[in-house]
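> Below: one structure in structure tokens.
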Amino acid sequence: MREQLEQLKNSSLQAVAAATSVEALQEIRINLLGRKGELTALMKGLGSLDAAERPAVGQLVNAVRDEIEAALGSALEKAQESVITARLQTERIDTSLPGRRARKGTKHPVSLVIEEICSIFAGLGFAVAEGPEIEHDWYNFEALNFPPEHPARDMQDTFFVENNLLLRTHTSPVQIRTMLKQKPPVRIIAPGTVYRCDSDATHSPMFHQIEGLMVDSSVTFGDLKGILTVFTNQLFGQKTGVRLRPSYFPFTEPSAEVDIACVICGGKGCRVCKNSGWLEILGAGMVDPEVYRHVQYDAENISGFAFGMGIERIAMLKYGISDMRLLFENDVRFLQQF
């Protein structure tokens, strides 16, 4: 076996020295060191030797293999360099051409608006709370003063999963879950995805909301208007006008729709605001005492307000987007603008 190894080493080194291409060297490697290679076959024959001879022959096999691998490695490196040199001599490379830049992604406009709104309310002392998107009917409707068969449920037609489980229609259930876990004072905002059976240029069956809740011993409607005025002025500009109109929500009393002066025409009247000079952005009101009873709060000694807004609508107004469906089509040409 020693003679076979010596002959194999000499013939292999000669073959490596004579090879002139990467392909020829790779073929030599396979023929020698592959699973069915000559050197591999000799290594498998070590088991037939006497136990006293195996260590010395094994060392010789390893030495031959290392020498062949070193020769192959050096020859492959030289062959690859010669290939590159030949290409440089025959191919013209214009080094003045700019490289192809990797296209970087950007944050989605909905994410940008959520982050900005959360930042504004964090500065006002509100914490962020979250809850499940598959919600129980009690948290989504009954605890918020939507009794079974009440016509107010028609305003929030939703997708039922099974029995009393449904895809939440607003993030108000997060307010209920928070109040059940925490006694006043409470000051939270609840961003998240919500679902309703609605789809057109200004509505989507899946959209995003941020709702807010503040409960303490002496919260007034004036506090609600003050906080929402600060919020809208920071989001749309300090000179943005704000007004509140009477409205109805089952879980607040009194309730109000909050409008801002049209960001397109500055309140002068245009097609976007239907020549009214105002744009509705959110709903709000003082929490109905019936809601407090569902969460075991003392309605006689506390008060609070709640508000909610659709993020897509805010994004459309803030960035001048005309069709809500653009926010969900993932068109790179549209998203690159943000």
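The chains in the structure tokens are called A, B, ... from first to last as shown; in each chain the residues are counted from 1, and the ligands are counted from 1 in the order shown.
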Based on DSSP run over this structure's backbone, return all residues of segment 150-316 of chain A in strand (DSSP E or B), as a ChimeraX atom specification.
/A:160-162,165-167,186-195,200,203,206-216,242-249,252-261,278-287,303-310
> Can you tell me, as an MDAnalysis selection string, what residues are no more than 9 Å from Val186 of chain A when counting only C-alpha atoms, ignoring any on the same chain fewer than 3 positions away?
chainID A and resid 126 178:179 182:183 213:216 304
> Give me the residues near segment 255-258 of chain A as a list in words, where near means some atom within 6 Å (using only C-alpha atoms) and where sequence neighbours in that chain fewer than 3 positions away do not count.
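Selected residues are Arg243, Leu244, Arg245, Pro246, Ser247, Tyr248, Thr252, Glu280, Leu282, Gly283, Ala284 and Gly285 of chain A.
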> Selection from above, N, CA and C atoms, as a PDB file, in the first residue's frame, can you write it?

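Result file out-v6.pdb:
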ATOM      1  N   ARG A 243     -64.027  71.949  15.248  1.00  0.00           N
ATOM      2  CA  ARG A 243     -65.385  72.149  15.757  1.00  0.00           C
ATOM      3  C   ARG A 243     -65.981  70.805  16.151  1.00  0.00           C
ATOM      4  N   LEU A 244     -66.912  70.831  17.082  1.00  0.00           N
ATOM      5  CA  LEU A 244     -67.614  69.633  17.520  1.00  0.00           C
ATOM      6  C   LEU A 244     -69.096  69.778  17.211  1.00  0.00           C
ATOM      7  N   ARG A 245     -69.674  68.734  16.608  1.00  0.00           N
ATOM      8  CA  ARG A 245     -71.103  68.716  16.282  1.00  0.00           C
ATOM      9  C   ARG A 245     -71.806  67.618  17.078  1.00  0.00           C
ATOM     10  N   PRO A 246     -73.027  67.865  17.568  1.00  0.00           N
ATOM     11  CA  PRO A 246     -73.750  66.821  18.293  1.00  0.00           C
ATOM     12  C   PRO A 246     -73.944  65.579  17.415  1.00  0.00           C
ATOM     13  N   SER A 247     -73.823  64.404  18.040  1.00  0.00           N
ATOM     14  CA  SER A 247     -73.983  63.152  17.309  1.00  0.00           C
ATOM     15  C   SER A 247     -74.497  62.086  18.259  1.00  0.00           C
ATOM     16  N   TYR A 248     -74.473  60.836  17.798  1.00  0.00           N
ATOM     17  CA  TYR A 248     -74.949  59.730  18.649  1.00  0.00           C
ATOM     18  C   TYR A 248     -74.009  58.540  18.535  1.00  0.00           C
ATOM     19  N   THR A 252     -71.366  56.578  24.388  1.00  0.00           N
ATOM     20  CA  THR A 252     -71.029  57.905  24.922  1.00  0.00           C
ATOM     21  C   THR A 252     -72.287  58.767  24.983  1.00  0.00           C
ATOM     22  N   GLU A 280     -64.891  65.832   8.529  1.00  0.00           N
ATOM     23  CA  GLU A 280     -65.040  65.007   9.724  1.00  0.00           C
ATOM     24  C   GLU A 280     -63.831  64.078   9.853  1.00  0.00           C
ATOM     25  N   LEU A 282     -63.155  62.353  13.316  1.00  0.00           N
ATOM     26  CA  LEU A 282     -63.321  61.358  14.389  1.00  0.00           C
ATOM     27  C   LEU A 282     -64.610  61.602  15.150  1.00  0.00           C
ATOM     28  N   GLY A 283     -64.968  60.594  15.949  1.00  0.00           N
ATOM     29  CA  GLY A 283     -66.117  60.695  16.835  1.00  0.00           C
ATOM     30  C   GLY A 283     -65.658  60.639  18.282  1.00  0.00           C
ATOM     31  N   ALA A 284     -66.417  61.284  19.179  1.00  0.00           N
ATOM     32  CA  ALA A 284     -66.006  61.346  20.583  1.00  0.00           C
ATOM     33  C   ALA A 284     -67.220  61.594  21.468  1.00  0.00           C
ATOM     34  N   GLY A 285     -66.997  61.542  22.771  1.00  0.00           N
ATOM     35  CA  GLY A 285     -68.065  61.840  23.717  1.00  0.00           C
ATOM     36  C   GLY A 285     -67.694  61.403  25.119  1.00  0.00           C
TER      37      GLY A 285
END
> Can you pull out the residues contacting Tyr292 of chain A? Cut-off 12 Å, using only C-alpha atoms, and skip same-chain residues under 2 positions away; I want them as JSON, numbers by chain.
{"A": [143, 144, 145, 175, 176, 179, 180, 183, 184, 215, 216, 251, 252, 286, 287, 288, 289, 290, 294, 295, 296, 297, 298, 299, 300, 301, 302, 303, 304, 305]}
> Write the residues of the selection above to a file with C-alpha atoms, as a compact mmCIF listing (two decimals), in the first residue's frame.

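Saved as out-v1.txt:
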# COMPACT_ATOMS: atom_id res chain seq x y z
CA ALA A 143 -70.40 45.92 27.32
CA LEU A 144 -70.39 49.03 25.11
CA ASN A 145 -74.16 49.46 25.41
CA GLN A 175 -61.11 49.95 26.50
CA ILE A 176 -63.42 47.43 28.20
CA MET A 179 -61.04 48.95 32.60
CA LEU A 180 -61.74 45.40 33.81
CA LYS A 183 -59.07 50.96 38.26
CA PRO A 184 -59.17 54.73 37.54
CA VAL A 215 -61.30 58.13 33.03
CA ASP A 216 -60.69 59.92 36.34
CA PHE A 251 -71.37 54.11 24.44
CA THR A 252 -71.03 57.90 24.92
CA MET A 286 -68.36 61.36 27.46
CA VAL A 287 -68.48 57.69 28.46
CA ASP A 288 -72.05 56.53 29.13
CA PRO A 289 -72.62 55.48 32.80
CA GLU A 290 -74.01 52.18 31.54
CA HIS A 294 -70.37 46.72 32.95
CA VAL A 295 -66.79 47.14 34.25
CA GLN A 296 -67.76 47.66 37.94
CA TYR A 297 -66.74 51.34 38.02
CA ASP A 298 -68.54 53.76 40.36
CA ALA A 299 -70.40 55.95 37.85
CA GLU A 300 -71.30 58.44 40.60
CA ASN A 301 -67.72 59.37 41.45
CA ILE A 302 -65.88 59.14 38.14
CA SER A 303 -66.23 60.54 34.64
CA GLY A 304 -64.36 60.19 31.40
CA PHE A 305 -64.37 60.52 27.65
> Give me, please, the distance in Å between atom CA of Gly320 of chain A and atom CA of Arg196 of chain A, quoted to one decimal.
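Taking atom CA of Gly320 of chain A and atom CA of Arg196 of chain A, their separation equals 24.0 Å.
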> Within 7 Å of segment 103-116 of chain A, counting only C-alpha atoms, which residues qualify if same-chain residues fewer than 5 places away don't, as a count of residues only?
6
> Please report the interatomic distance between atom CA of Gly277 of chain A and atom CA of Ile189 of chain A in Å with one decimal.
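We find that atom CA of Gly277 of chain A and atom CA of Ile189 of chain A lie 28.6 Å from each other.
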